[in-house]
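Okay, so here's the structure we're looking at.
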Amino acid sequence: MTSESLDAFVNNLETYGKIYGPVKTGESCSFQEISQSKEMALNYSRTMIPPKKFFLKLKERMFIFDERECEYEETLEDGKIVVFGIHPCDIYALKLMDKIYLDKNPDKYYQMRRENATLIGYSCHPDEYCFCQSQGTNYAVDGFDLFLHELKDKFLVRIGSEKGNKIASENSKFFMDVESSDIQEFREAEGKREKEFTLKLAINGLTDMLALSYESDVWKEYADKCFGCGSCNLVCPTCRCYDVVDNVNMDLKSGERQRMLNSCMLKKHGLVYGGKNFRPTRVERLRNRFNCKGSLREDMMNCVGCGRCTVYCPSKIDYVEVLRRVRGEL
Amino acid sequence: MAREIVVEHLARVEGHGGIEVTIEGEEVKDVKMRISEGPRFFEAIIKGVKYDKVPDVMRRICGICTASHSLASIRTIEKAFKVEVTPRTAMLRDLLIHGEVIESHSLHLFLLALPDYLGYPDALSMMDKHAKEVKAAFQLKKTGNMVHNALSGREVHGMNDRVGGFSTMPKEEDLLSIKKAMEDSKAAAEDAVSLFASLDIPDCTHSENILMALDPGDRFGYLGDHVLISDGKRKRVEEYRELTNEEVVKHSHAKHSSYRGSSFMVGALSRVTLCKERLYGTANELFREHAEKLNPRNSLNNNLAQAIELVHCIDRCLEDIDALFNNGIEKEELAKIEPRKSSAIGAVEAPRGILYHDYSFDENGCITQANVITPTAMNSANMEKDFGVAVGRLVSERKENLESTLELIARAYDPCISCSAHLINVKFV
Amino acid sequence: MMENVFLPKLAKIVKNEKMTAMEHFLRLQLLDKKTAEEFQYNLGQFIEISIMGVGEAPFSICSMQNQKYLLDLCIRSGGRVTSAILRLGEGSLVGVRGPYGNGFPLKEMEGSNLLLVAGGLGVAPLRSILQYSLKNRAKYRDITFFYGIRTYDTMLFRDEFNSLLAGGDESGCKFYLSYEDPKDEQCLLLEAEYSDRCMSGVVSKLFERTEISPKDTYAIICGPSIMYKFVGQELTKRDVPPERILISLERRMRCGIGKCGNCIIGDGSSIRYVCKDGPVFTYWDALHTKGMI
Amino acid sequence: MAKPKIGIYGLTGCGGDQLMILNLENELLDLLRNVEIVAFQEASSVQQDEEVDIAFVEGSVSTELDLERLKDVRKRSRMLIAIGDCAIGGCVQAMRNQEMTMKEKMEEVYGKGEEYFKVLEPYGLSKYVNVDLELQGCPIETTEIRQVFLSLLHGDTPEIKDYPVCVECKLNEYQCLLVDKGMPCLGPIIAAGCNARCPGLGIDCVGCRGPIMNETNAAEELHTLLEKGYDERYIENRLRFFGANFEGILKLSKMLREKTGGARGK
Ligand SMILES: Cc1cc2nc3c(=O)[nH]c(=O)nc-3n(C[C@H](O)[C@H](O)[C@H](O)COP(=O)(O)OP(=O)(O)OC[C@H]3O[C@@H](n4cnc5c(N)ncnc54)[C@H](O)[C@@H]3O)c2cc1C
Ligand code: SF4
Ligand code: SF4
Ligand code: SF4
C-alpha cells in the first residue's frame, strides 16, 4: 500500500466501526475517535492509557438492579470499533489480557468488545524507555487483523486474521503485491530498528531472581520514594485489577454496579475483614507489583516492555532500574 | 431597669452571629451585632504565599461569594503586576460574577429571607404550601451554579479562574445549557420581583443611609475601579481606606467602618440606587415600576433590589454568552506574568456589596502584606444603626416580636459572617 | 445469548438465624429451579453473595450438597455486605454467583485419616467436610476435629459440636475443643466434664491431647491467618507431609473468578489467584508461595 | 421505621460545605423526605437541641465556643460526621499552625497593643472528640455527600475514597501535569473524590481535599518538586495550605524548620 492511500484506506475502515487512533493531547498521546487519518500522530511513542481501555473500560457500569422488581439487568453496549495504529507491545498485552478475561469464565463485557474490535497494528521506533525487545514483544506475530509496517513511501501490510484478510480484499485497490525490493527494504528497516533499542533488561531467570530477592532492601528503598499513587498500574497495558462499587439511586431501591480499574499500590487492595491488610505498607505493595509483573502466566511475562510505568511515575521510579537492582546488576 | 434582648443565634445566615441589645427604660443603650464565628486571619496566613496560589487560598474566605473573592484577588494581583487580560477573559469574568450573583441572591431571597416574611422557620418546610417558590429558588440557584461549574470548575471554590485568565475555556455545550437554563428561569426571576414587591415591608428602620457601590461603567454590573457614593462623590478604589476608615474601637475589640463619621451601606440596594440609570432591559423596566418601593432609607428594601438584580443578571448572562459565541471561545494561554515588588488594590461588587483586596508583594511575587475588607464588615455599623432605630421605635412591643424584627433586619442585609468574622464586633458574653 | 458470569442469580433467604453476637446462619434457596439443580459444588468452594445497593462478598458454603439444593452459610457481620445480610429477614432475596474456587480433594483423601483444624469462623468450610465424612464414614479412617474458640459465646454450631463432645468416639469423630479465655465459665464447665477433650489455650495446644499418625493423614486447616503457621509447624513436627496439609485462605475478592486481581499472592515464580487457584492450597504451596500465610 | 434525625451544624469555616448540601438542589428535597432535619444552621431557624441520629459538622474548632458547641453536638448525636477539610484538618486557616502564634496572627490583622479575645489554634474535630466519619474536601463534593446520605439511608456505612487524585486523573485519561509539564501537582498525595477536577482543567492540584490519611509521602513530594525546580518554601507552603495538621506534612515542616533554624513565614 502506498503512503498516499492511507487516508482513503482509513476512511474505508468506517464500515468496521468507529475509528480510534493515537492523537496528540498536549504533551502526551491518547487513543481517540478520529475522522481522518491526518488527525493521528502515527509516529507516537506510546499513549498514556493503553488500548486496554477499549476492552476493560477504565470505569464502567456492569448492570443495574431494582429491589422492587427484584432483578438484575445487564447493561451492555456493543459498538464496533477499529483501533488503528496499535503497537506490537500493546498487541502482546491484549493477548495476555485475553488469557485472563477469556478463560473458562469469560468476561462478557470484555469478550463482546474484543469481538467487536478490529485491530490495525502499526510499526514503531523505540525511545529510551522502550524495552520490548528484551521482553520479546517488539514484533507482533499475531493478535492483530492487519499490521502496517511503514517503509519509505509505502506500507508493508501483514494480514493477521480472517477479518484482516477480508478488509484487505475489500480494499484491494489500495494494495499491491509485495516485490522482492519491498522485502529487502522491510528487512533493512527491521534490522535497523532492532539496533535502535538502547534499554535492555535481562529477563532470563528473572522470576526466580524476584523470588530470591523477596526480603531484599531494594523494596524498602524504592517504597520510600513511591507515593502509592497507582499511576504505574493504571497506565500498564497488562494491569487489569479492578474494584467494584454499588451505587444506589435516590429512590434507595434501584441502582447500578460499577467497576473501575484498581491498583495494587493502593492500600485497599489487600484489605479484608476486621481491618486486616495483607499488604499493609508500600513495601509489600511495591514488591507485589514487581513480582506480579515479573511473573509468568502461561509462559508469558506479565510485562511487555512498553515503558509506561517508568514514564508516568511521578516519582520517577524506573521499572528496569529496579529489576536490575534486584538482579544485582546495579 | 435595664433590659437585654439577645437573639442568641442568628440562623439562616452564613456563619455565626447574634444580636445583643441593651435597653434602659424606653431608651436603647447599646446595640451589638455579636459574631461568634471564629476568626481565620487570612491576612496573616497568606503572607509569604506566591501570587499564583494566592487566589486559591483567598477564595476560601467565603463559600457563597467565592467567585467574588477569586476575582477580587486575581484583579488585585494583575493590577500589581500590570497584567492585561484578553477581552474574552474579561467577558468570562463578567459572566462568572453575574452567575454568582444569581446563585447567591436566589439562595438568599428564597431560602433565607422569604421564610421570615411568610412565617416559616425555613424554606424546606415551605415546601407544602409554597412549592412554587421553593422550586423557583432551586431552579434559579442551579442556574447560577451552572455558571460557577462551567466557568470556575465547581459550585464552591472553583479554581479555573486564574491570574491571567481562565485555565480552560468553558465547553460550548455547557454554555448552551446555561443559556437554556437562563431563558427558562427568567420568568422565575421576574416572579421574584413581583413577590418581593408585594410583601408588606415594615419601615421600622427608616433612616438616613449613605450608599456606596462600584462604578460599573456604562452599563450596570459588578466590576469597576471607582466607588460611587450617595453624596455625589466618586473615588478611586485605591482610596478605600478613606472610604472605610476601619478603626479599632476600644470597647469592642473590633474594627468599625465609617465614611465621614457615619455608617454606610453597600449591597444591592446601594447598587440599584446609585446606578439606576445604567440598568437596562427588563431590569430597568422593573426598577421603574417599583421605584417608589425602593426607598434607600429603608434597608429592608434591599431584598427587592436583589430581586431586580436577579433579572438583570439573567439578561446579562444571556448577553455575555451570545457575545462569547460571536467572538469564539478558542483556548487562550494565560497572560504571562512577571512578578515584581509592588502593591495594588482591587475591588469587585460581591453579591453583598463592595469587596476590597489589598496586597503587597516582594520581588519574587510573594505576599508581604494583605488586607481584605468585606461588604458585611462595612455594613455591620449600618446594621447596628438600623437595629438601634428599630428598637427605639418598637421598644414597647413584646420581646419576641422585637427579636424577630431584628432577625429580619439582619437577614435583609444578607450578612455573610464567616468572611467578615475578623472585622465585626466580637464580644463573648 | 452468552451468559454473563457477573450477573447474580436470585436466591431467597429461607433461614437467617443468629448464632452468636457476630455470626449468623444463613440458608439460601436459588429461586430458579433449573439453576438450583445445576448448582453442584465441591466442598470448600465459595459463592459470591450480592446485596443490591451494598455490594458483593465471598462466603464459604458450610454444609454438604443436599437434595433440596439449599445453600448454608455462616456469616460474620461487620462490613458493608455482611451487616446488610444480617438485616435481611427470611423471605428476602439476595444475589448469588458461583460456586467458585477449587474446593477440597475429597476423593483423594478417601482411605486416609482426617484431621480438621478450625479456628473461629474457619469452622464454616470445615463443617461441610465433617458432615460429608460422617455421612460417608466408611470412606475415611479416623476423623479428628480440633476446634479453637475464644469464649463459649463465640462458639459456632454449638449444639452440633456439643453433641460430638458428648458423644465421644461413638459420634464417629474425635472432637476436641480449645478456648482462649481461661476464665470463661461455660468453657470451664465443659472442661470439667470432658477433661480429655476440652482445654484452655490456642488450638495448636490440642496436639498435646492426641496422637497424629503422620502416615495416611490429611490435615485441613481453616482459621485466622496466623493459625496456619502454628498449626502447620505442629503438623510438620509430627512428620505430616506438607502436601497433605490443606489450608483454605481468605483474601479480598471482587470477582471470584480470577479477573479482578485483588487476591493475587506470591512472588515472581509462584503467582497465584486465591479465588481460582484456591482458596484451598497445600501447606507445601504455602511454604513455596511468598505472602500466602 | 422512624425517619432518622439529622442535624447540620457549622463551626468556624466558610459555610461552603453546608452550601454544597444545599447545592444538591432538587435532589435535596427528595432526600429530605426520608429524614427529619432537626438543625440546619445555614438554612433553617429551627435549632432543636435534641438527640440526633446523625450530626454533620462543618468547620474547624477555632474558639472556645466552637469547642463547647462541638462537645454538645457530640453528646447528642449517635453518629458524628465531619464534613469538609476545616472539620478534619483545619483547612487553610490552620496553614500557619506551629509557624505563627495566635497572638502574632491577631496582631497582624487587628494591629498591636490591644487586648484581644481568646482564640484557639485551629484544628479539626477529631482532636477533641470522637469522629465517626470524615468527608474530605474544600468543599465536599455534592456527589459524595449524596452518596453518603444514600448509603446511610440505605443502612450501610459509606465508602470513602482513600486513594490519591492521580487514580481519578488516570481514570479520566487526563494528561499528567506533573510528568508531562513539570507543574507542581499534589495529586499523588491528596485524597481523591473530586474526580481530579483541577488536572482536568489543566491546573495542578493544590490539595484541597487534604492529604490521604496515614499514606502521605510528603517527603517525596518535596523531593520531586525540588527536582522540578521549585523552591523549598514554595513547596512547603503548598503542602501546608490544606495539610498543615497532617502527620506527614507536620513532620516534614518540622524537619525543614530545624534545618534552616528558627521561625519562618515572615
Ligand atoms: C474464599 C473466602 C471464603 C469466605 N468465607 C466466609 C464465610 O464463610 N463466612 C464469613 O463470614 N466470611 C467469609 N469470608 C470473608 C468475607 O468475604 C468477608 O467478611 C466479606 O468480604 C466482608 O465484606 P463486607 O462487605 O461485609 O465488608 P467490607 O465493607 O467490604 O469491609 C471488609 C472489611 O474491611 C475493612 N475495611 C474496609 N474499608 C476499610 C477502611 N477504609 N479502613 C479500614 N478497614 C476497612 C473492615 O474491617 C471491614 O470489616 C470469606 C472470604 C473468602 C475470600
Ligand atoms: S507510579 Fe510510581 S509513585 Fe505511583 S505507585 Fe507506581 S511506583 Fe509508586
Ligand atoms: S496531573 Fe497530578 S493528579 Fe494527575 S496523575 Fe499527574 S500528578 Fe497525579
Ligand atoms: S485541588 Fe486537588 S483535590 Fe482539590 S479539586 Fe483540585 S484536584 Fe481535586
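Residue numbers start at 1 in each chain; chains themselves are named A, B, ... in the order of the C-alpha cells; ligands are numbered from 1 in the order shown.
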
**Report entry** Residue contacts of Phe131 (chain A) (6 Å, only C-alpha atoms) excluding same-chain residues fewer than 5 positions away, as a list in words
**Finding:**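 Contacts, with the query itself left out: Leu199, Lys200 and Gly305 of chain A.
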
Report task. Using only C-alpha atoms, find which residues of chain D lie within 8 Å of chain B and jot them down as a PyMOL selection string. Result -> chain D and resi 10-17+19-20+23+25-26+29+41-46+62-63+65-66+92-93+95-96+105-106+108-110+114-117+119+138-139+197-198+201-203+234+237+241+265-266

Suppose we keep N, CA and C atoms; can you now write the selection as a tab-separated table (two decimals), in the first residue's frame?
```tsv
chain	number	residue	atom	x	y	z
D	10	GLY	N	-22.46	24.09	61.99
D	10	GLY	CA	-21.23	24.70	61.47
D	10	GLY	C	-20.41	25.33	62.57
D	11	LEU	N	-19.11	25.10	62.51
D	11	LEU	CA	-18.21	25.81	63.42
D	11	LEU	C	-17.49	26.86	62.55
D	12	THR	N	-16.21	27.08	62.77
D	12	THR	CA	-15.53	28.13	62.00
D	12	THR	C	-15.12	27.65	60.61
D	13	GLY	N	-15.67	28.30	59.61
D	13	GLY	CA	-15.34	27.93	58.24
D	13	GLY	C	-16.04	28.89	57.30
D	14	CYS	N	-16.07	28.52	56.05
D	14	CYS	CA	-16.62	29.45	55.07
D	14	CYS	C	-18.06	29.16	54.75
D	15	GLY	N	-18.62	28.12	55.34
D	15	GLY	CA	-20.01	27.80	55.06
D	15	GLY	C	-20.20	27.04	53.77
D	16	GLY	N	-19.12	26.78	53.08
D	16	GLY	CA	-19.20	26.16	51.76
D	16	GLY	C	-19.71	24.73	51.78
D	17	ASP	N	-19.46	24.02	52.87
D	17	ASP	CA	-19.89	22.62	52.89
D	17	ASP	C	-21.39	22.52	53.09
D	19	LEU	N	-23.32	24.74	52.15
D	19	LEU	CA	-23.82	25.21	50.86
D	19	LEU	C	-23.82	24.08	49.84
D	20	MET	N	-22.79	23.24	49.89
D	20	MET	CA	-22.75	22.12	48.96
D	20	MET	C	-23.93	21.19	49.23
D	23	ASN	N	-26.63	22.70	47.61
D	23	ASN	CA	-26.44	22.62	46.17
D	23	ASN	C	-26.92	21.30	45.57
D	25	GLU	N	-29.75	20.75	45.60
D	25	GLU	CA	-30.93	21.34	44.99
D	25	GLU	C	-32.12	20.39	44.94
D	26	ASN	N	-32.62	20.09	43.75
D	26	ASN	CA	-33.85	19.29	43.72
D	26	ASN	C	-33.69	17.94	44.40
D	29	LEU	N	-34.45	17.97	48.11
D	29	LEU	CA	-35.84	17.84	48.51
D	29	LEU	C	-36.25	16.37	48.57
D	41	GLN	N	-28.10	24.90	60.19
D	41	GLN	CA	-27.82	26.25	60.58
D	41	GLN	C	-27.91	27.25	59.43
D	42	GLU	N	-27.39	26.85	58.29
D	42	GLU	CA	-27.33	27.82	57.21
D	42	GLU	C	-28.69	28.00	56.54
D	43	ALA	N	-29.59	27.05	56.77
D	43	ALA	CA	-30.83	27.10	56.00
D	43	ALA	C	-32.08	27.20	56.85
D	44	SER	N	-31.96	27.06	58.14
D	44	SER	CA	-33.19	27.00	58.92
D	44	SER	C	-33.04	27.65	60.29
D	45	SER	N	-34.13	28.22	60.78
D	45	SER	CA	-34.10	28.76	62.13
D	45	SER	C	-34.40	27.69	63.17
D	46	VAL	N	-34.87	26.56	62.71
D	46	VAL	CA	-35.16	25.50	63.68
D	46	VAL	C	-33.83	25.00	64.21
D	62	SER	N	-12.04	26.71	66.37
D	62	SER	CA	-11.14	27.87	66.42
D	62	SER	C	-11.39	28.77	67.61
D	63	THR	N	-12.49	28.53	68.30
D	63	THR	CA	-12.77	29.33	69.50
D	63	THR	C	-13.26	28.39	70.60
D	65	LEU	N	-15.96	28.73	72.06
D	65	LEU	CA	-17.37	28.50	71.80
D	65	LEU	C	-17.56	27.34	70.82
D	66	ASP	N	-16.70	27.32	69.80
D	66	ASP	CA	-16.74	26.20	68.86
D	66	ASP	C	-16.61	24.88	69.61
D	92	VAL	N	-7.37	25.82	55.37
D	92	VAL	CA	-6.42	26.92	55.17
D	92	VAL	C	-6.15	27.72	56.44
D	93	GLN	N	-7.16	27.86	57.30
D	93	GLN	CA	-6.89	28.68	58.49
D	93	GLN	C	-5.85	28.04	59.40
D	95	MET	N	-3.08	26.75	58.20
D	95	MET	CA	-1.83	26.58	57.45
D	95	MET	C	-0.61	27.16	58.14
D	96	ARG	N	-0.83	28.07	59.06
D	96	ARG	CA	0.33	28.59	59.79
D	96	ARG	C	0.41	28.02	61.20
D	105	LYS	N	-0.84	36.29	64.74
D	105	LYS	CA	-1.86	36.41	63.70
D	105	LYS	C	-2.80	37.56	64.04
D	106	MET	N	-3.15	37.62	65.31
D	106	MET	CA	-4.10	38.63	65.74
D	106	MET	C	-3.54	40.02	65.53
D	108	GLU	N	-1.37	40.89	63.45
D	108	GLU	CA	-1.30	41.15	62.02
D	108	GLU	C	-2.60	41.74	61.50
D	109	VAL	N	-3.70	41.23	62.00
D	109	VAL	CA	-4.99	41.64	61.48
D	109	VAL	C	-5.56	42.84	62.21
D	110	TYR	N	-5.39	42.89	63.54
D	110	TYR	CA	-6.04	43.94	64.31
D	110	TYR	C	-5.09	45.04	64.76
D	114	GLU	N	-3.47	45.98	71.58
D	114	GLU	CA	-4.79	45.81	72.18
D	114	GLU	C	-4.83	44.50	72.95
D	115	GLU	N	-5.86	44.39	73.71
D	115	GLU	CA	-6.03	43.13	74.42
D	115	GLU	C	-7.07	42.36	73.63
D	116	TYR	N	-6.71	41.19	73.21
D	116	TYR	CA	-7.59	40.52	72.25
D	116	TYR	C	-8.34	39.34	72.83
D	117	PHE	N	-9.38	39.01	72.12
D	117	PHE	CA	-10.21	37.89	72.55
D	117	PHE	C	-9.47	36.57	72.41
D	119	VAL	N	-8.72	33.01	71.22
D	119	VAL	CA	-8.99	32.09	70.13
D	119	VAL	C	-8.08	30.88	70.28
D	138	CYS	N	-12.62	20.63	50.21
D	138	CYS	CA	-12.81	22.06	50.47
D	138	CYS	C	-13.32	22.66	49.18
D	139	PRO	N	-14.58	22.57	48.90
D	139	PRO	CA	-15.62	21.99	49.77
D	139	PRO	C	-15.81	20.51	49.47
D	197	ARG	N	-10.67	17.17	39.45
D	197	ARG	CA	-11.17	18.39	38.83
D	197	ARG	C	-10.06	19.25	38.23
D	198	CYS	N	-9.06	19.54	39.05
D	198	CYS	CA	-8.05	20.50	38.60
D	198	CYS	C	-7.23	19.99	37.41
D	201	LEU	N	-8.80	20.46	34.30
D	201	LEU	CA	-8.87	21.82	33.77
D	201	LEU	C	-7.47	22.34	33.44
D	202	GLY	N	-6.49	21.46	33.57
D	202	GLY	CA	-5.13	21.89	33.28
D	202	GLY	C	-4.47	22.62	34.44
D	203	ILE	N	-5.03	22.44	35.64
D	203	ILE	CA	-4.47	23.13	36.80
D	203	ILE	C	-3.88	22.08	37.75
D	234	TYR	N	8.23	27.49	48.69
D	234	TYR	CA	7.04	27.44	47.84
D	234	TYR	C	6.34	26.09	48.02
D	237	ASN	N	4.78	25.75	51.56
D	237	ASN	CA	3.52	26.49	51.64
D	237	ASN	C	2.39	25.70	51.02
D	241	PHE	N	-1.15	24.40	52.73
D	241	PHE	CA	-2.46	25.02	52.50
D	241	PHE	C	-3.58	24.20	53.16
D	265	GLY	N	8.18	32.14	57.54
D	265	GLY	CA	6.88	32.66	57.15
D	265	GLY	C	6.78	34.15	57.39
D	266	LYS	N	7.91	34.74	57.70
D	266	LYS	CA	7.87	36.19	57.92
D	266	LYS	C	8.29	36.90	56.64
```

Query - Best match for closeness to ligand 1 among D:Ala94, D:Cys194, D:Ile212, D:Val35, counting only C-alpha atoms and all ligand atoms - result: D:Ile212

Requested in this report: Name the residues of region 95-292 of chain A that fall into helix (DSSP H, G or I) according to DSSP on the backbone, using the chain letters and numbers of this document, as number ranges by chain.
Outcome: A: 95-101, 108-115, 132-135, 162-170, 172-174, 180-196, 206-212, 217-225, 231-234, 267-270, 273-275, 282-292

Query - Protein and nucleic acid residues within 7 Å of ligand 4 (only C-alpha atoms and all ligand atoms) as an NGL selection string - result: :D and (137-138 or 165 or 186-187 or 190-192 or 194-199 or 204-210)

May I have the selected residues written with N, CA, C and O atoms, as a PDB file, in the first residue's frame?
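Just written: again.pdb:
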```
ATOM      1  N   GLY D 137     -12.552  17.426  51.721  1.00  0.00           N
ATOM      2  CA  GLY D 137     -12.914  18.313  50.620  1.00  0.00           C
ATOM      3  C   GLY D 137     -13.041  19.743  51.074  1.00  0.00           C
ATOM      4  O   GLY D 137     -13.490  20.016  52.175  1.00  0.00           O
ATOM      5  N   CYS D 138     -12.621  20.632  50.209  1.00  0.00           N
ATOM      6  CA  CYS D 138     -12.813  22.058  50.470  1.00  0.00           C
ATOM      7  C   CYS D 138     -13.318  22.664  49.177  1.00  0.00           C
ATOM      8  O   CYS D 138     -12.532  23.140  48.383  1.00  0.00           O
ATOM      9  N   VAL D 165      -5.560  11.416  44.125  1.00  0.00           N
ATOM     10  CA  VAL D 165      -6.168  12.080  42.973  1.00  0.00           C
ATOM     11  C   VAL D 165      -5.652  11.479  41.665  1.00  0.00           C
ATOM     12  O   VAL D 165      -6.390  11.360  40.692  1.00  0.00           O
ATOM     13  N   LEU D 186      -0.051  18.264  43.390  1.00  0.00           N
ATOM     14  CA  LEU D 186      -0.031  17.491  44.641  1.00  0.00           C
ATOM     15  C   LEU D 186      -0.854  16.203  44.540  1.00  0.00           C
ATOM     16  O   LEU D 186      -1.020  15.492  45.527  1.00  0.00           O
ATOM     17  N   GLY D 187      -1.363  15.947  43.353  1.00  0.00           N
ATOM     18  CA  GLY D 187      -2.213  14.771  43.159  1.00  0.00           C
ATOM     19  C   GLY D 187      -1.738  13.479  43.818  1.00  0.00           C
ATOM     20  O   GLY D 187      -2.546  12.758  44.391  1.00  0.00           O
ATOM     21  N   ILE D 190      -2.783  13.505  47.585  1.00  0.00           N
ATOM     22  CA  ILE D 190      -4.063  14.081  48.017  1.00  0.00           C
ATOM     23  C   ILE D 190      -5.205  13.098  47.771  1.00  0.00           C
ATOM     24  O   ILE D 190      -5.237  12.403  46.774  1.00  0.00           O
ATOM     25  N   ALA D 191      -6.130  13.074  48.711  1.00  0.00           N
ATOM     26  CA  ALA D 191      -7.230  12.112  48.629  1.00  0.00           C
ATOM     27  C   ALA D 191      -8.156  12.418  47.466  1.00  0.00           C
ATOM     28  O   ALA D 191      -8.558  13.560  47.253  1.00  0.00           O
ATOM     29  N   ALA D 192      -8.500  11.379  46.741  1.00  0.00           N
ATOM     30  CA  ALA D 192      -9.396  11.529  45.590  1.00  0.00           C
ATOM     31  C   ALA D 192     -10.824  11.778  46.062  1.00  0.00           C
ATOM     32  O   ALA D 192     -11.118  11.751  47.244  1.00  0.00           O
ATOM     33  N   CYS D 194     -12.708  14.165  44.042  1.00  0.00           N
ATOM     34  CA  CYS D 194     -13.115  15.326  43.253  1.00  0.00           C
ATOM     35  C   CYS D 194     -13.148  14.968  41.781  1.00  0.00           C
ATOM     36  O   CYS D 194     -13.399  15.823  40.946  1.00  0.00           O
ATOM     37  N   ASN D 195     -12.872  13.720  41.466  1.00  0.00           N
ATOM     38  CA  ASN D 195     -12.783  13.300  40.078  1.00  0.00           C
ATOM     39  C   ASN D 195     -11.688  14.066  39.339  1.00  0.00           C
ATOM     40  O   ASN D 195     -11.819  14.377  38.164  1.00  0.00           O
ATOM     41  N   ALA D 196     -10.629  14.378  40.065  1.00  0.00           N
ATOM     42  CA  ALA D 196      -9.474  15.098  39.501  1.00  0.00           C
ATOM     43  C   ALA D 196      -9.897  16.358  38.757  1.00  0.00           C
ATOM     44  O   ALA D 196      -9.557  16.564  37.605  1.00  0.00           O
ATOM     45  N   ARG D 197     -10.667  17.173  39.449  1.00  0.00           N
ATOM     46  CA  ARG D 197     -11.174  18.395  38.828  1.00  0.00           C
ATOM     47  C   ARG D 197     -10.063  19.254  38.230  1.00  0.00           C
ATOM     48  O   ARG D 197     -10.146  19.683  37.087  1.00  0.00           O
ATOM     49  N   CYS D 198      -9.055  19.543  39.050  1.00  0.00           N
ATOM     50  CA  CYS D 198      -8.048  20.501  38.603  1.00  0.00           C
ATOM     51  C   CYS D 198      -7.234  19.992  37.412  1.00  0.00           C
ATOM     52  O   CYS D 198      -7.177  20.677  36.398  1.00  0.00           O
ATOM     53  N   PRO D 199      -6.633  18.810  37.513  1.00  0.00           N
ATOM     54  CA  PRO D 199      -5.894  18.339  36.335  1.00  0.00           C
ATOM     55  C   PRO D 199      -6.784  18.321  35.096  1.00  0.00           C
ATOM     56  O   PRO D 199      -6.321  18.580  33.989  1.00  0.00           O
ATOM     57  N   ASP D 204      -2.696  22.355  38.242  1.00  0.00           N
ATOM     58  CA  ASP D 204      -2.068  21.443  39.186  1.00  0.00           C
ATOM     59  C   ASP D 204      -2.851  21.440  40.491  1.00  0.00           C
ATOM     60  O   ASP D 204      -3.265  22.484  40.981  1.00  0.00           O
ATOM     61  N   CYS D 205      -3.037  20.259  41.040  1.00  0.00           N
ATOM     62  CA  CYS D 205      -3.814  20.097  42.275  1.00  0.00           C
ATOM     63  C   CYS D 205      -3.137  20.836  43.428  1.00  0.00           C
ATOM     64  O   CYS D 205      -1.951  20.658  43.668  1.00  0.00           O
ATOM     65  N   VAL D 206      -3.900  21.678  44.152  1.00  0.00           N
ATOM     66  CA  VAL D 206      -3.331  22.318  45.337  1.00  0.00           C
ATOM     67  C   VAL D 206      -3.644  21.520  46.591  1.00  0.00           C
ATOM     68  O   VAL D 206      -3.283  21.907  47.686  1.00  0.00           O
ATOM     69  N   GLY D 207      -4.366  20.449  46.397  1.00  0.00           N
ATOM     70  CA  GLY D 207      -4.596  19.581  47.549  1.00  0.00           C
ATOM     71  C   GLY D 207      -5.794  19.931  48.386  1.00  0.00           C
ATOM     72  O   GLY D 207      -5.814  19.666  49.585  1.00  0.00           O
ATOM     73  N   CYS D 208      -6.830  20.476  47.757  1.00  0.00           N
ATOM     74  CA  CYS D 208      -7.929  20.982  48.570  1.00  0.00           C
ATOM     75  C   CYS D 208      -8.692  19.883  49.288  1.00  0.00           C
ATOM     76  O   CYS D 208      -9.438  20.162  50.207  1.00  0.00           O
ATOM     77  N   ARG D 209      -8.511  18.644  48.895  1.00  0.00           N
ATOM     78  CA  ARG D 209      -9.214  17.594  49.633  1.00  0.00           C
ATOM     79  C   ARG D 209      -8.382  17.073  50.804  1.00  0.00           C
ATOM     80  O   ARG D 209      -8.819  16.207  51.552  1.00  0.00           O
ATOM     81  N   GLY D 210      -7.212  17.605  50.939  1.00  0.00           N
ATOM     82  CA  GLY D 210      -6.383  17.197  52.060  1.00  0.00           C
ATOM     83  C   GLY D 210      -5.627  15.915  51.758  1.00  0.00           C
ATOM     84  O   GLY D 210      -6.025  15.136  50.894  1.00  0.00           O
TER      85      GLY D 210
END
```

Report task. Return as a VMD selection string the residues belonging to chain C that are within 9 Å of chain D, counting only C-alpha atoms. Result -> chain C and resid 53 to 54 79 to 81 83 to 84 87

Report task. Could you please select, counting only C-alpha atoms, the residues of chain C within 6 Å of chain A and state them as a list in words? Result ->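 Every residue meeting the condition is included here: Asn4, Gly53, Val54, Gly55, Arg252, Cys260, Gly261, Asn262, Asp267, Gly268 and Ser269 of chain C.
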
Query - DSSP-assigned strand (DSSP E or B) among region 4-222 of chain B, expressed as JSON, numbers by chain - result: {"B": [4, 5, 6, 7, 14, 17, 18, 19, 20, 21, 22, 23, 24, 27, 28, 29, 30, 31, 32, 33, 34, 35, 50, 122, 161, 162, 165, 166, 211, 212, 213, 214]}

Report task. Residues up to 9 Å from ligand 2, counting only C-alpha atoms and all ligand atoms: could you list those as an NGL selection string? Result -> (:A and (222-223 or 225-235 or 263-266 or 282 or 285-286 or 289 or 309-319)) or (:D and (166 or 188))

Report task. Write out as a PyMOL selection string each polymer residue whose atoms come within 9 Å of Leu70 (chain D), counting only C-alpha atoms; drop sequence neighbours fewer than 4 positions from it. Result -> chain D and resi 9+11+57+61+65-66+74-75+125+128-129

Those selected residues, please, written with C-alpha atoms and delivered as a CSV table (one decimal), in the first residue's frame.
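Here's the written file out_30.csv:
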```csv
chain,number,residue,atom,x,y,z
D,9,TYR,CA,-24.0,22.3,62.3
D,11,LEU,CA,-18.2,25.8,63.4
D,57,VAL,CA,-20.4,19.2,61.4
D,61,VAL,CA,-12.6,24.4,66.2
D,65,LEU,CA,-17.4,28.5,71.8
D,66,ASP,CA,-16.7,26.2,68.9
D,74,ARG,CA,-21.2,15.0,70.1
D,75,LYS,CA,-23.1,14.3,73.3
D,125,LEU,CA,-12.9,17.9,65.3
D,128,TYR,CA,-11.3,17.0,70.6
D,129,VAL,CA,-14.0,14.4,70.1
```

Requested in this report: Between C:Glu56, C:Glu3, C:Glu108, C:Glu170, single out the one closest to Ile85 (chain C), counting only C-alpha atoms.
Outcome: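 The answer is C:Glu56, which sits nearest to Ile85 (chain C).
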
Query raised in the report: Pro224 (chain C): which residues within 12 Å, counting only C-alpha atoms, same-chain residues fewer than 4 positions away excluded, as a list in words?
Result: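 Listing them by chain and then by number gives Val272, Tyr273, Gly274 and Lys276 of chain A; Val117, Ala118, Gly119, Gly120, Leu121, Gly122, Val123, Gly148, Ile149, Val202, Val203, Tyr228, Lys229, Phe230, Val231, Ile247, Ser248, Leu249, Glu250, Arg251 and Ile293 of chain C.
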
For region 206-215 of chain C, list every protein, DNA or RNA residue within 7 Å, evaluated using only C-alpha atoms, and leave out those in the same chain fewer than 6 positions away; present the list as a CSV table (one decimal) with C-alpha atoms, in the first residue's frame.
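part_2.csv was written with the following content:
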```csv
chain,number,residue,atom,x,y,z
C,146,PHE,CA,-9.9,-29.6,66.5
C,178,SER,CA,-9.8,-25.4,72.9
C,238,ARG,CA,4.8,-34.7,63.5
C,239,ASP,CA,6.0,-35.6,60.1
C,240,VAL,CA,2.8,-34.9,58.3
```
